[in-house]
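Here is start_3.cif, consisting of mmCIF, C-alpha atoms and all ligand atoms:
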```cif
data_run
#
loop_
_atom_site.label_atom_id
_atom_site.label_comp_id
_atom_site.auth_asym_id
_atom_site.auth_seq_id
_atom_site.Cartn_x
_atom_site.Cartn_y
_atom_site.Cartn_z
CA MET D 1 0.00 0.00 0.00
CA ALA D 2 1.11 3.56 -0.81
CA THR D 3 2.66 5.87 1.77
CA ARG D 4 2.58 9.62 1.43
CA THR D 5 4.26 12.31 3.47
CA LEU D 6 2.72 15.22 5.30
CA GLY D 7 5.07 17.96 6.46
CA VAL D 8 4.35 19.50 9.85
CA VAL D 9 5.81 22.72 11.21
CA MET D 10 6.44 22.03 14.90
CA ASN D 11 6.90 25.17 17.00
CA GLY D 12 8.05 25.02 20.62
CA VAL D 13 9.73 21.62 20.36
CA THR D 14 12.52 22.56 22.75
CA GLY D 15 9.94 22.77 25.56
CA ARG D 16 8.90 19.98 27.92
CA MET D 17 5.68 19.11 26.13
CA GLY D 18 6.80 19.90 22.61
CA TYR D 19 9.85 17.67 22.81
CA ARG D 20 8.87 14.65 24.82
CA GLN D 21 5.14 14.18 24.29
CA HIS D 22 4.72 15.61 20.81
CA LEU D 23 7.98 15.19 18.91
CA VAL D 24 9.43 12.03 20.44
CA ARG D 25 6.45 10.10 21.74
CA SER D 26 4.01 11.11 18.99
CA VAL D 27 5.40 12.32 15.66
CA LEU D 28 8.63 10.28 15.70
CA ALA D 29 6.81 7.29 17.23
CA ILE D 30 4.29 7.43 14.39
CA GLY D 31 7.24 7.36 11.97
CA GLU D 32 8.64 4.28 13.70
CA GLN D 33 5.33 2.47 13.30
CA GLY D 34 5.29 3.28 9.56
CA GLY D 35 2.90 6.24 9.63
CA VAL D 36 -0.79 6.76 10.30
CA GLU D 37 -2.99 4.14 8.69
CA LEU D 38 -5.90 5.53 6.64
CA SER D 39 -9.21 3.76 6.09
CA ASP D 40 -8.08 2.41 2.69
CA GLY D 41 -4.98 0.84 4.25
CA SER D 42 -2.52 3.40 2.83
CA ARG D 43 -0.31 5.36 5.20
CA VAL D 44 0.66 8.93 5.97
CA ARG D 45 4.11 9.71 7.33
CA LEU D 46 4.68 12.93 9.24
CA GLU D 47 7.80 14.90 8.39
CA PRO D 48 8.62 17.47 11.06
CA LEU D 49 10.11 20.89 10.36
CA LEU D 50 11.36 22.08 13.76
CA VAL D 51 10.89 25.75 14.65
CA GLY D 52 12.20 27.60 17.68
CA ARG D 53 14.23 30.56 18.85
CA ASP D 54 17.53 28.84 19.58
CA ALA D 55 19.35 27.60 16.47
CA ALA D 56 21.93 25.61 18.43
CA LYS D 57 19.27 23.72 20.37
CA LEU D 58 17.29 22.97 17.22
CA GLU D 59 20.33 21.79 15.32
CA GLU D 60 21.40 19.51 18.14
CA MET D 61 17.88 18.12 18.51
CA ALA D 62 17.55 17.52 14.77
CA ARG D 63 20.90 15.72 14.72
CA ARG D 64 19.96 13.59 17.73
CA HIS D 65 16.90 12.32 15.90
CA GLY D 66 18.26 12.13 12.36
CA LEU D 67 16.10 15.05 11.19
CA THR D 68 17.25 17.50 8.54
CA ARG D 69 14.71 20.29 8.68
CA TRP D 70 14.80 23.05 11.31
CA THR D 71 14.65 26.85 11.32
CA THR D 72 14.32 29.87 13.59
CA ASP D 73 12.21 31.64 10.95
CA LEU D 74 8.54 30.85 11.53
CA ASP D 75 7.36 32.86 8.52
CA ALA D 76 9.65 30.92 6.20
CA ALA D 77 8.46 27.62 7.70
CA LEU D 78 4.83 28.63 7.18
CA GLY D 79 5.62 29.53 3.58
CA ASP D 80 6.83 26.00 2.89
CA ASP D 81 4.08 24.28 0.92
CA SER D 82 5.36 20.83 1.80
CA CYS D 83 4.02 21.52 5.32
CA PRO D 84 0.23 21.82 5.35
CA LEU D 85 0.16 21.32 9.15
CA TYR D 86 1.22 23.65 11.95
CA PHE D 87 1.67 22.51 15.55
CA ASP D 88 2.19 24.80 18.54
CA ALA D 89 3.59 23.85 21.97
CA GLN D 90 5.13 27.23 22.75
CA LEU D 91 4.60 29.15 25.90
CA THR D 92 0.87 30.00 26.03
CA ALA D 93 1.46 33.75 25.92
CA VAL D 94 2.97 33.70 22.42
CA ARG D 95 0.66 31.08 20.88
CA GLU D 96 -2.19 33.19 19.52
CA LYS D 97 0.01 35.31 17.27
CA SER D 98 1.76 32.29 15.77
CA ILE D 99 -1.46 30.38 15.19
CA LEU D 100 -2.97 33.39 13.41
CA LYS D 101 0.04 33.45 11.10
CA ALA D 102 -0.42 29.74 10.42
CA VAL D 103 -4.13 30.19 9.69
CA ASP D 104 -3.34 33.10 7.36
CA ALA D 105 -0.87 30.84 5.56
CA GLY D 106 -3.70 28.32 5.08
CA ARG D 107 -2.23 25.71 7.42
CA HIS D 108 -4.27 23.23 9.42
CA VAL D 109 -3.50 23.78 13.10
CA TYR D 110 -3.08 21.40 16.00
CA THR D 111 -2.09 22.97 19.31
CA GLU D 112 -1.39 22.49 22.97
CA LYS D 113 -3.88 23.97 25.38
CA PRO D 114 -4.85 26.64 26.29
CA VAL D 115 -5.49 27.61 22.69
CA ALA D 116 -5.09 31.30 23.64
CA GLU D 117 -4.78 33.41 26.77
CA SER D 118 -8.29 34.85 26.65
CA VAL D 119 -11.76 33.85 25.47
CA GLU D 120 -11.67 36.71 22.97
CA GLY D 121 -8.34 35.52 21.61
CA ALA D 122 -9.53 31.93 21.37
CA LEU D 123 -12.77 32.99 19.64
CA THR D 124 -10.76 35.02 17.15
CA LEU D 125 -8.74 31.92 16.33
CA ALA D 126 -11.90 29.82 15.93
CA ARG D 127 -13.51 32.42 13.68
CA ARG D 128 -10.43 32.98 11.54
CA ALA D 129 -9.85 29.22 11.15
CA ALA D 130 -13.47 28.74 10.06
CA GLU D 131 -13.18 31.60 7.54
CA ALA D 132 -9.94 30.19 6.16
CA GLY D 133 -11.43 26.70 6.01
CA VAL D 134 -8.52 25.13 7.89
CA LYS D 135 -8.91 22.17 10.21
CA ASN D 136 -8.10 22.82 13.84
CA GLY D 137 -7.58 20.76 16.96
CA VAL D 138 -6.56 21.17 20.58
CA VAL D 139 -4.85 18.66 22.85
CA HIS D 140 -7.26 16.96 25.25
CA ASP D 141 -4.88 14.38 26.65
CA LYS D 142 -6.52 13.60 29.98
CA LEU D 143 -9.38 11.82 28.18
CA TYR D 144 -6.83 9.26 26.96
CA LEU D 145 -5.43 8.37 30.37
CA PRO D 146 -6.11 4.68 31.05
CA GLY D 147 -7.82 5.58 34.34
CA LEU D 148 -10.18 8.00 32.61
CA LEU D 149 -10.83 5.61 29.73
CA LYS D 150 -11.93 3.06 32.33
CA LEU D 151 -14.12 5.69 33.95
CA LYS D 152 -15.69 6.46 30.57
CA ARG D 153 -16.31 2.74 30.10
CA LEU D 154 -18.17 2.70 33.45
CA VAL D 155 -20.25 5.77 32.50
CA ASP D 156 -21.15 4.24 29.11
CA SER D 157 -22.13 0.93 30.72
CA GLY D 158 -24.59 2.62 33.07
CA PHE D 159 -22.63 1.36 36.09
CA PHE D 160 -23.23 4.51 38.17
CA GLY D 161 -27.01 4.73 37.83
CA ARG D 162 -27.54 8.47 38.34
CA VAL D 163 -24.22 10.24 38.85
CA LEU D 164 -24.44 12.45 41.93
CA SER D 165 -21.02 13.97 42.36
CA VAL D 166 -17.41 14.00 41.24
CA ARG D 167 -14.57 14.84 43.60
CA GLY D 168 -11.11 15.30 42.18
CA GLU D 169 -7.68 15.99 43.60
CA PHE D 170 -4.89 17.07 41.30
CA GLY D 171 -1.51 18.16 42.45
CA TYR D 172 1.83 17.67 44.05
CA TRP D 173 4.50 19.77 45.71
CA VAL D 174 6.42 21.88 43.19
CA PHE D 175 9.68 22.90 44.79
CA GLU D 176 10.21 26.60 45.29
CA GLY D 177 13.54 26.44 43.47
CA ASP D 178 15.75 27.58 46.34
CA TRP D 179 17.28 24.46 47.85
CA GLN D 180 15.91 22.06 45.22
CA PRO D 181 15.17 22.99 41.58
CA ALA D 182 11.49 23.39 40.67
CA GLN D 183 9.97 20.62 38.52
CA ARG D 184 8.02 23.09 36.38
CA PRO D 185 9.17 26.06 34.27
CA SER D 186 9.09 29.38 36.15
CA TRP D 187 6.67 31.02 33.68
CA ASN D 188 3.96 28.83 35.23
CA TYR D 189 4.12 31.07 38.32
CA ARG D 190 4.02 34.44 36.52
CA ALA D 191 0.62 35.76 35.41
CA GLU D 192 2.29 38.13 32.93
CA ASP D 193 3.79 35.11 31.12
CA GLY D 194 0.50 33.20 30.91
CA GLY D 195 1.08 31.15 34.07
CA GLY D 196 -1.30 30.07 36.83
CA ILE D 197 -2.85 26.75 37.78
CA THR D 198 -6.41 27.88 37.01
CA VAL D 199 -5.61 28.65 33.38
CA ASP D 200 -3.51 25.50 33.17
CA MET D 201 -5.91 23.00 34.71
CA PHE D 202 -9.44 24.33 34.14
CA CYS D 203 -8.92 23.85 30.38
CA HIS D 204 -8.45 20.17 31.16
CA TRP D 205 -11.29 20.00 33.67
CA ASN D 206 -13.68 21.51 31.14
CA TYR D 207 -13.26 18.78 28.53
CA VAL D 208 -13.01 16.00 31.15
CA LEU D 209 -16.31 17.03 32.77
CA GLU D 210 -17.99 17.84 29.45
CA ASN D 211 -17.09 14.51 27.85
CA LEU D 212 -17.74 12.28 30.88
CA PHE D 213 -20.48 13.85 32.97
CA GLY D 214 -22.02 16.93 31.32
CA ALA D 215 -21.18 20.48 30.32
CA VAL D 216 -20.27 22.89 33.11
CA THR D 217 -23.05 25.39 33.85
CA SER D 218 -21.48 27.35 36.72
CA VAL D 219 -18.36 27.63 38.84
CA ILE D 220 -17.45 28.80 42.31
CA ALA D 221 -13.71 29.02 42.81
CA LYS D 222 -11.17 30.23 45.32
CA THR D 223 -7.71 30.62 43.89
CA ALA D 224 -4.57 31.29 45.91
CA THR D 225 -0.92 32.12 45.54
CA HIS D 226 0.34 30.17 48.50
CA ILE D 227 4.04 30.60 47.73
CA PRO D 228 4.66 34.29 46.94
CA THR D 229 8.31 34.08 45.89
CA ARG D 230 10.12 31.39 43.96
CA VAL D 231 13.53 30.91 42.37
CA ASP D 232 13.82 30.56 38.59
CA GLU D 233 15.98 28.46 36.26
CA ALA D 234 18.84 30.97 36.53
CA GLY D 235 18.79 30.90 40.33
CA GLU D 236 17.15 34.34 40.54
CA SER D 237 14.37 35.00 43.03
CA TYR D 238 11.10 36.27 41.50
CA ASP D 239 7.60 37.25 42.62
CA ALA D 240 5.02 34.56 41.93
CA THR D 241 2.21 36.65 40.44
CA ALA D 242 0.02 33.74 39.34
CA ASP D 243 -2.17 31.39 41.35
CA ASP D 244 -0.61 28.11 42.46
CA ALA D 245 -3.80 26.51 43.82
CA ALA D 246 -7.49 26.58 42.84
CA TYR D 247 -10.32 25.11 44.88
CA ALA D 248 -13.50 24.88 42.81
CA ILE D 249 -17.06 23.61 42.69
CA PHE D 250 -18.60 23.11 39.26
CA GLU D 251 -22.29 22.51 38.54
CA LEU D 252 -22.93 20.39 35.49
CA GLU D 253 -25.82 19.96 33.12
CA GLY D 254 -28.06 17.27 34.60
CA GLY D 255 -27.35 18.32 38.18
CA VAL D 256 -23.99 16.61 38.84
CA VAL D 257 -21.79 18.51 41.31
CA ALA D 258 -18.05 18.35 40.68
CA GLN D 259 -15.55 19.56 43.23
CA LEU D 260 -11.98 19.72 42.00
CA ASN D 261 -8.86 20.84 43.82
CA SER D 262 -5.83 21.75 41.75
CA SER D 263 -2.63 22.57 43.58
CA TRP D 264 1.13 22.79 43.17
CA CYS D 265 1.38 23.26 46.92
CA VAL D 266 0.14 19.93 48.19
CA ARG D 267 2.04 16.86 49.33
CA VAL D 268 0.76 13.64 47.83
CA HIS D 269 -1.05 11.14 50.03
CA ARG D 270 -2.90 9.43 47.19
CA ASP D 271 -2.15 6.53 44.88
CA GLU D 272 -1.68 8.81 41.85
CA LEU D 273 -1.08 12.50 41.09
CA VAL D 274 -4.67 12.93 39.99
CA GLU D 275 -7.66 11.05 41.35
CA PHE D 276 -11.38 11.39 40.77
CA GLN D 277 -14.07 9.81 42.93
CA VAL D 278 -17.44 9.47 41.24
CA ASP D 279 -20.48 8.60 43.33
CA GLY D 280 -23.67 7.37 41.71
CA THR D 281 -26.90 5.84 42.95
CA ARG D 282 -25.84 2.36 41.82
CA GLY D 283 -22.11 2.48 42.42
CA SER D 284 -18.97 4.51 42.92
CA ALA D 285 -15.54 4.57 41.31
CA VAL D 286 -12.15 6.10 41.99
CA ALA D 287 -9.98 6.66 38.93
CA GLY D 288 -6.41 7.88 38.69
CA LEU D 289 -4.00 8.22 35.79
CA ARG D 290 -3.92 4.49 35.18
CA LYS D 291 -5.95 2.65 37.77
CA CYS D 292 -9.65 2.57 38.51
CA VAL D 293 -11.51 0.81 41.30
CA VAL D 294 -15.24 0.37 41.82
CA GLN D 295 -17.69 -0.35 44.61
CA PRO D 296 -21.16 -1.32 43.39
CA ARG D 297 -24.29 -0.72 45.46
CA GLU D 298 -24.60 -4.43 46.18
CA ALA D 299 -21.09 -4.58 47.67
CA THR D 300 -21.30 -1.37 49.73
CA PRO D 301 -20.41 -2.00 53.37
CA ARG D 302 -22.22 -0.34 56.25
CA PRO D 303 -19.83 2.02 58.03
CA VAL D 304 -21.06 3.20 61.40
CA TRP D 305 -19.60 6.37 62.91
CA ASN D 306 -18.03 5.61 66.28
CA PRO D 307 -14.97 7.67 67.15
CA ASP D 308 -14.51 5.78 70.43
CA LEU D 309 -13.41 2.59 68.67
CA GLU D 310 -10.12 1.86 66.94
CA GLU D 311 -10.63 1.50 63.16
CA THR D 312 -10.20 -2.13 62.22
CA ARG D 313 -11.23 -2.31 58.60
CA SER D 314 -9.42 -1.19 55.50
CA TYR D 315 -11.84 0.86 53.44
CA ARG D 316 -9.56 0.70 50.42
CA ALA D 317 -9.69 -3.10 50.48
CA GLN D 318 -13.44 -2.90 49.88
CA TRP D 319 -13.02 -1.80 46.28
CA GLN D 320 -12.51 -3.92 43.17
CA GLU D 321 -10.05 -3.06 40.44
CA VAL D 322 -11.34 -2.46 36.90
CA PRO D 323 -9.16 -4.55 34.53
CA ASP D 324 -7.39 -3.01 31.51
CA ASN D 325 -8.97 -5.47 29.05
CA THR D 326 -7.05 -3.74 26.26
CA ASP D 327 -3.66 -2.20 25.48
CA PHE D 328 -3.71 1.52 26.16
CA ASP D 329 -1.59 3.39 23.62
CA ASN D 330 0.08 6.73 24.37
CA GLY D 331 -2.78 9.23 24.34
CA PHE D 332 -0.72 12.02 22.82
CA LYS D 333 0.14 9.80 19.85
CA THR D 334 -3.48 8.68 19.48
CA GLN D 335 -4.58 12.32 19.30
CA TRP D 336 -2.02 13.06 16.57
CA GLU D 337 -3.29 10.07 14.61
CA GLN D 338 -6.87 11.27 15.00
CA PHE D 339 -5.97 14.78 13.89
CA VAL D 340 -4.14 13.47 10.82
CA LEU D 341 -7.21 11.37 9.93
CA HIS D 342 -9.33 14.49 10.39
CA VAL D 343 -7.10 16.47 8.02
CA VAL D 344 -6.58 13.79 5.40
CA GLU D 345 -9.94 12.03 5.24
CA ASP D 346 -12.24 14.34 7.20
CA ALA D 347 -12.70 11.91 10.11
CA PRO D 348 -14.70 13.47 12.94
CA HIS D 349 -12.71 15.49 15.48
CA PRO D 350 -14.82 17.25 18.11
CA TYR D 351 -11.83 18.72 19.98
CA ASP D 352 -11.50 21.84 17.86
CA PHE D 353 -10.74 25.50 18.65
CA LEU D 354 -14.29 25.97 19.94
CA ALA D 355 -13.68 23.20 22.47
CA GLY D 356 -10.53 25.17 23.36
CA VAL D 357 -12.64 28.32 23.74
CA ARG D 358 -14.84 26.53 26.29
CA GLY D 359 -11.73 25.50 28.21
CA ILE D 360 -10.33 28.99 28.53
CA ARG D 361 -13.83 30.34 29.22
CA LEU D 362 -14.04 28.07 32.26
CA ALA D 363 -10.61 29.21 33.41
CA GLN D 364 -11.59 32.86 33.12
CA ALA D 365 -14.87 32.19 34.93
CA GLY D 366 -12.94 30.49 37.75
CA LEU D 367 -10.61 33.47 38.11
CA GLU D 368 -13.56 35.86 38.02
CA SER D 369 -15.41 33.86 40.67
CA SER D 370 -12.42 34.02 42.98
CA ARG D 371 -11.80 37.71 42.32
CA THR D 372 -15.43 38.76 42.85
CA ASN D 373 -16.27 36.19 45.49
CA ARG D 374 -19.33 34.88 43.67
CA ARG D 375 -20.69 32.04 41.59
CA VAL D 376 -20.22 32.57 37.85
CA GLU D 377 -22.73 31.14 35.38
CA LEU D 378 -21.52 29.99 31.99
N1 LIG D 401 -1.43 18.94 27.78
C1 LIG D 401 -0.78 18.98 28.90
O1 LIG D 401 -0.95 18.16 29.78
C2 LIG D 401 0.22 20.09 29.13
C3 LIG D 401 1.17 19.97 30.17
C4 LIG D 401 2.10 20.99 30.35
C5 LIG D 401 2.08 22.10 29.52
N2 LIG D 401 1.14 22.19 28.54
C6 LIG D 401 1.11 23.37 27.64
O2 LIG D 401 2.21 23.28 26.76
C7 LIG D 401 2.76 24.57 26.53
C8 LIG D 401 4.25 24.55 26.82
O3 LIG D 401 4.45 24.19 28.18
P1 LIG D 401 5.82 23.51 28.65
O4 LIG D 401 5.56 23.02 30.02
O5 LIG D 401 6.31 22.59 27.61
O6 LIG D 401 6.75 24.81 28.75
P2 LIG D 401 8.31 24.96 28.44
O7 LIG D 401 8.71 26.20 29.12
O8 LIG D 401 9.05 23.71 28.75
O9 LIG D 401 8.37 25.15 26.86
C9 LIG D 401 7.96 26.34 26.25
C10 LIG D 401 8.41 26.38 24.80
O10 LIG D 401 8.07 27.66 24.28
C11 LIG D 401 9.25 28.33 23.88
N3 LIG D 401 9.19 29.70 24.33
C12 LIG D 401 9.38 30.18 25.55
N4 LIG D 401 9.27 31.52 25.58
C13 LIG D 401 9.01 31.89 24.36
C14 LIG D 401 8.81 33.14 23.74
N5 LIG D 401 8.84 34.28 24.43
N6 LIG D 401 8.57 33.14 22.44
C15 LIG D 401 8.54 31.99 21.76
N7 LIG D 401 8.73 30.78 22.28
C16 LIG D 401 8.95 30.73 23.57
C17 LIG D 401 10.41 27.66 24.55
O11 LIG D 401 11.58 27.83 23.81
C18 LIG D 401 9.91 26.21 24.60
O12 LIG D 401 10.17 25.58 23.39
C19 LIG D 401 1.96 25.53 27.41
O13 LIG D 401 1.00 26.20 26.62
C20 LIG D 401 1.26 24.65 28.40
O14 LIG D 401 -0.01 25.15 28.78
C21 LIG D 401 0.24 21.21 28.33
#
```
Could I get this structure in the form of structure tokens?
Ligand SMILES: NC(=O)c1ccc[n+]([C@@H]2O[C@H](COP(=O)([O-])OP(=O)(O)OC[C@H]3O[C@@H](n4cnc5c(N)ncnc54)[C@H](O)[C@@H]3O)[C@@H](O)[C@H]2O)c1
Amino acid sequence: MATRTLGVVMNGVTGRMGYRQHLVRSVLAIGEQGGVELSDGSRVRLEPLLVGRDAAKLEEMARRHGLTRWTTDLDAALGDDSCPLYFDAQLTAVREKSILKAVDAGRHVYTEKPVAESVEGALTLARRAAEAGVKNGVVHDKLYLPGLLKLKRLVDSGFFGRVLSVRGEFGYWVFEGDWQPAQRPSWNYRAEDGGGITVDMFCHWNYVLENLFGAVTSVIAKTATHIPTRVDEAGESYDATADDAAYAIFELEGGVVAQLNSSWCVRVHRDELVEFQVDGTRGSAVAGLRKCVVQPREATPRPVWNPDLEETRSYRAQWQEVPDNTDFDNGFKTQWEQFVLHVVEDAPHPYDFLAGVRGIRLAQAGLESSRTNRRVEL
């Protein structure tokens, strides 16, 4: 069967996400498996053209992976007709401008989230992409986590009966950078550079809630900057101007209440870095990144509150693990494959710029709720 090549301009590949998840584990991994298989059995290979600001880094990266094409000139890359696709994993604050250039050049666009820094910016991208007739997609990786795929399986099977509530904990301690280096780039803690955990995580929470339990209809949030000064990559102290924790309650269509904590200032006493507990009339589940356990109504024990007695039972032992029953592929790669199918043979792809608009809209509503101390309807 025939194989054809699709060039993709990849901007921001020297970053954490751009390099590891998108270049190495997706685009190059797709190459190693012989390309993306189309419905007629033929294949599409992706040929990356690396774009960034630092020529030395790009050259070294290209050499490391046997690639020949890289440039620091975005306009030139977008003018290259062998590349009908543009991908963006840059710092959020500079994304909108670059995507607009790509749309103007008639390129299909796939991007990291958030699609833009503001709802207005994201809507502009959606409108301009529609006018230009270019395909567009936004990363929605959490839906592909094995734990969440198992949760989706439970929802689709009717396991929960009526879903009542969702309670989620996301977070871990991000070092301040003084006596141990921080595990996240410093821009995450500066509002002026597009940082903040609300903007970062509510984009994810929006599509997770929307696709599993119902669209978000309102939010009450309290955000905080618990650690006011941090130390950056160069060892310089800086003011943390962005929020590093967000405590939120979301109401969903259909009456489900979701309560999600997101924090970079929390020490982990959980099985995984994110966990969601879902309670329904017929059963409950707890899902993490990979694992998921259930407790059906028929197997629910009868706890009785008595603080005078020593606890003797293990509540965790009363849950049953949901088996994999399949091989879970890397979700980032799967999303690339789906976007390529969307571009090449018009396969459905609901995670477009408008889905990205809803993500950033929820983030802005969360920030507004915290700032004004009230519930914000969507
Ligand atoms: N889907 C996810 O789970 C997930 C996780 C983390 C980050 N992200 C998103 O990915 C994007 C990148 O995050 P990261 O953690 O990889 O950050 P990073 O700091 O590691 O990488 C940022 C990239 O942008 C480039 N860059 C930095 N400043 C720039 C500027 N002024 N102009 C142009 N380019 C600039 C850097 O060279 C680098 O290539 C962000 O938008 C973030 O929201 C998504």
*What is the distance between atom CA of Arg361 of chain D and atom CA of Leu252 of chain D, in Å to one decimal?*
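Answer for the atom CA of Arg361 of chain D to atom CA of Leu252 of chain D separation: 14.9 Å.
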Sorted by chain and rising residue number, which residues of chain D lie within 9 Å of ligand LIG 401 (chain D), and what are their closest atom pairs and distances in Å to one decimal, counting only C-alpha atoms and all ligand atoms, as CSV?
```
residue,atom,partner,partner_atom,distance
D:Asn11,CA,D:LIG401,O12,7.2
D:Gly12,CA,D:LIG401,O12,3.5
D:Val13,CA,D:LIG401,O12,5.0
D:Thr14,CA,D:LIG401,O12,3.9
D:Gly15,CA,D:LIG401,O9,3.1
D:Arg16,CA,D:LIG401,O5,3.7
D:Met17,CA,D:LIG401,O5,3.8
D:Gly18,CA,D:LIG401,O5,5.7
D:Tyr19,CA,D:LIG401,O5,7.7
D:Arg20,CA,D:LIG401,O5,8.8
D:Gln21,CA,D:LIG401,N1,8.8
D:Val51,CA,D:LIG401,O12,8.8
D:Gly52,CA,D:LIG401,O11,6.2
D:Arg53,CA,D:LIG401,O11,6.3
D:Asp54,CA,D:LIG401,O11,7.4
D:Asp88,CA,D:LIG401,C7,8.0
D:Ala89,CA,D:LIG401,C7,4.7
D:Gln90,CA,D:LIG401,O10,3.3
D:Leu91,CA,D:LIG401,O10,4.1
D:Thr92,CA,D:LIG401,O13,3.8
D:Ala93,CA,D:LIG401,N5,7.5
D:Val94,CA,D:LIG401,N6,5.6
D:Arg95,CA,D:LIG401,O13,7.5
D:Thr111,CA,D:LIG401,O13,8.6
D:Glu112,CA,D:LIG401,O2,5.3
D:Lys113,CA,D:LIG401,O14,5.3
D:Pro114,CA,D:LIG401,O14,5.6
D:Val115,CA,D:LIG401,O13,7.7
D:Ala116,CA,D:LIG401,O13,8.5
D:Val139,CA,D:LIG401,N1,6.0
D:His140,CA,D:LIG401,N1,6.7
D:Asp141,CA,D:LIG401,N1,5.8
D:Lys142,CA,D:LIG401,O1,7.2
D:Arg184,CA,D:LIG401,O4,6.8
D:Pro185,CA,D:LIG401,O7,5.2
D:Ser186,CA,D:LIG401,O7,7.7
D:Trp187,CA,D:LIG401,O7,6.9
D:Asn188,CA,D:LIG401,O4,8.0
D:Asp193,CA,D:LIG401,N5,8.4
D:Gly194,CA,D:LIG401,O13,8.2
D:Gly195,CA,D:LIG401,O14,8.1
D:Val199,CA,D:LIG401,O14,8.0
D:Asp200,CA,D:LIG401,O14,5.6
D:Met201,CA,D:LIG401,O1,8.5
D:His204,CA,D:LIG401,O1,7.9
D:Phe332,CA,D:LIG401,N1,8.5
```
*Pick out the residues sitting within 12 Å of Gly41 of chain D, and hand them over as number ranges by chain; count all atoms listed in the file, and ignore anything fewer than 5 positions along from it in its own chain.*
D: 1-4, 34-36
_Distance criterion (all atoms listed in the file): nearest to Gly7 of chain D out of D:Tyr351, D:Trp179, D:Phe87, D:Tyr144_ = D:Phe87
*What is the distance, in Å and to one decimal place, between atom CA of Asn206 of chain D and atom CA of Ala29 of chain D?*
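Distance between the two atoms: 28.6 Å.
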*Hey, can you check how far atom CA of Ser314 of chain D sits from atom CA of Val155 of chain D?*
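Pair atom CA of Ser314 of chain D / atom CA of Val155 of chain D returns 26.4 Å.
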Mind dumping a table of every segment 196-232 of chain D residue within 12 Å of segment 273-290 of chain D, with the nearest atom pair and its distance in Å to one decimal, using all atoms listed in the file, sorted by chain and rising number, as JSON lines?
```
{"residue": "D:Met201", "atom": "CA", "partner": "D:Val274", "partner_atom": "CA", "distance": 11.4}
{"residue": "D:Trp205", "atom": "CA", "partner": "D:Phe276", "partner_atom": "CA", "distance": 11.2}
{"residue": "D:Val208", "atom": "CA", "partner": "D:Phe276", "partner_atom": "CA", "distance": 10.8}
{"residue": "D:Leu209", "atom": "CA", "partner": "D:Phe276", "partner_atom": "CA", "distance": 11.0}
{"residue": "D:Leu212", "atom": "CA", "partner": "D:Val278", "partner_atom": "CA", "distance": 10.7}
{"residue": "D:Phe213", "atom": "CA", "partner": "D:Val278", "partner_atom": "CA", "distance": 9.8}
```
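Nearest residue to Gln320 of chain D, choosing from D:Pro307, D:Gly214, D:Pro296, D:Gly31 and counting all atoms listed in the file: D:Pro296.
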Output segment 211-222 of chain D with N, CA and C atoms present, as a JSON list (two decimals), keeping the file's coordinate frame.
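Written out: result_37.json:
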```json
[["chain", "number", "residue", "atom", "x", "y", "z"],
["D", 211, "ASN", "N", -17.04, 15.77, 28.60],
["D", 211, "ASN", "CA", -17.09, 14.51, 27.85],
["D", 211, "ASN", "C", -17.51, 13.32, 28.71],
["D", 212, "LEU", "N", -17.37, 13.42, 30.03],
["D", 212, "LEU", "CA", -17.74, 12.28, 30.88],
["D", 212, "LEU", "C", -19.07, 12.47, 31.60],
["D", 213, "PHE", "N", -19.34, 13.69, 32.07],
["D", 213, "PHE", "CA", -20.48, 13.85, 32.97],
["D", 213, "PHE", "C", -21.47, 14.92, 32.56],
["D", 214, "GLY", "N", -21.09, 15.86, 31.72],
["D", 214, "GLY", "CA", -22.02, 16.93, 31.32],
["D", 214, "GLY", "C", -21.31, 18.27, 31.30],
["D", 215, "ALA", "N", -21.80, 19.16, 30.46],
["D", 215, "ALA", "CA", -21.18, 20.48, 30.32],
["D", 215, "ALA", "C", -21.28, 21.26, 31.63],
["D", 216, "VAL", "N", -20.29, 22.08, 31.89],
["D", 216, "VAL", "CA", -20.27, 22.89, 33.11],
["D", 216, "VAL", "C", -21.23, 24.07, 32.94],
["D", 217, "THR", "N", -22.10, 24.27, 33.94],
["D", 217, "THR", "CA", -23.05, 25.39, 33.85],
["D", 217, "THR", "C", -22.68, 26.55, 34.78],
["D", 218, "SER", "N", -21.91, 26.25, 35.84],
["D", 218, "SER", "CA", -21.48, 27.35, 36.72],
["D", 218, "SER", "C", -20.25, 26.92, 37.51],
["D", 219, "VAL", "N", -19.55, 27.91, 38.04],
["D", 219, "VAL", "CA", -18.36, 27.63, 38.84],
["D", 219, "VAL", "C", -18.26, 28.58, 40.03],
["D", 220, "ILE", "N", -17.84, 28.00, 41.15],
["D", 220, "ILE", "CA", -17.45, 28.80, 42.31],
["D", 220, "ILE", "C", -16.01, 28.41, 42.59],
["D", 221, "ALA", "N", -15.11, 29.38, 42.60],
["D", 221, "ALA", "CA", -13.71, 29.02, 42.81],
["D", 221, "ALA", "C", -13.02, 29.96, 43.78],
["D", 222, "LYS", "N", -12.07, 29.42, 44.48],
["D", 222, "LYS", "CA", -11.17, 30.23, 45.32],
["D", 222, "LYS", "C", -9.76, 29.89, 44.86]]
```
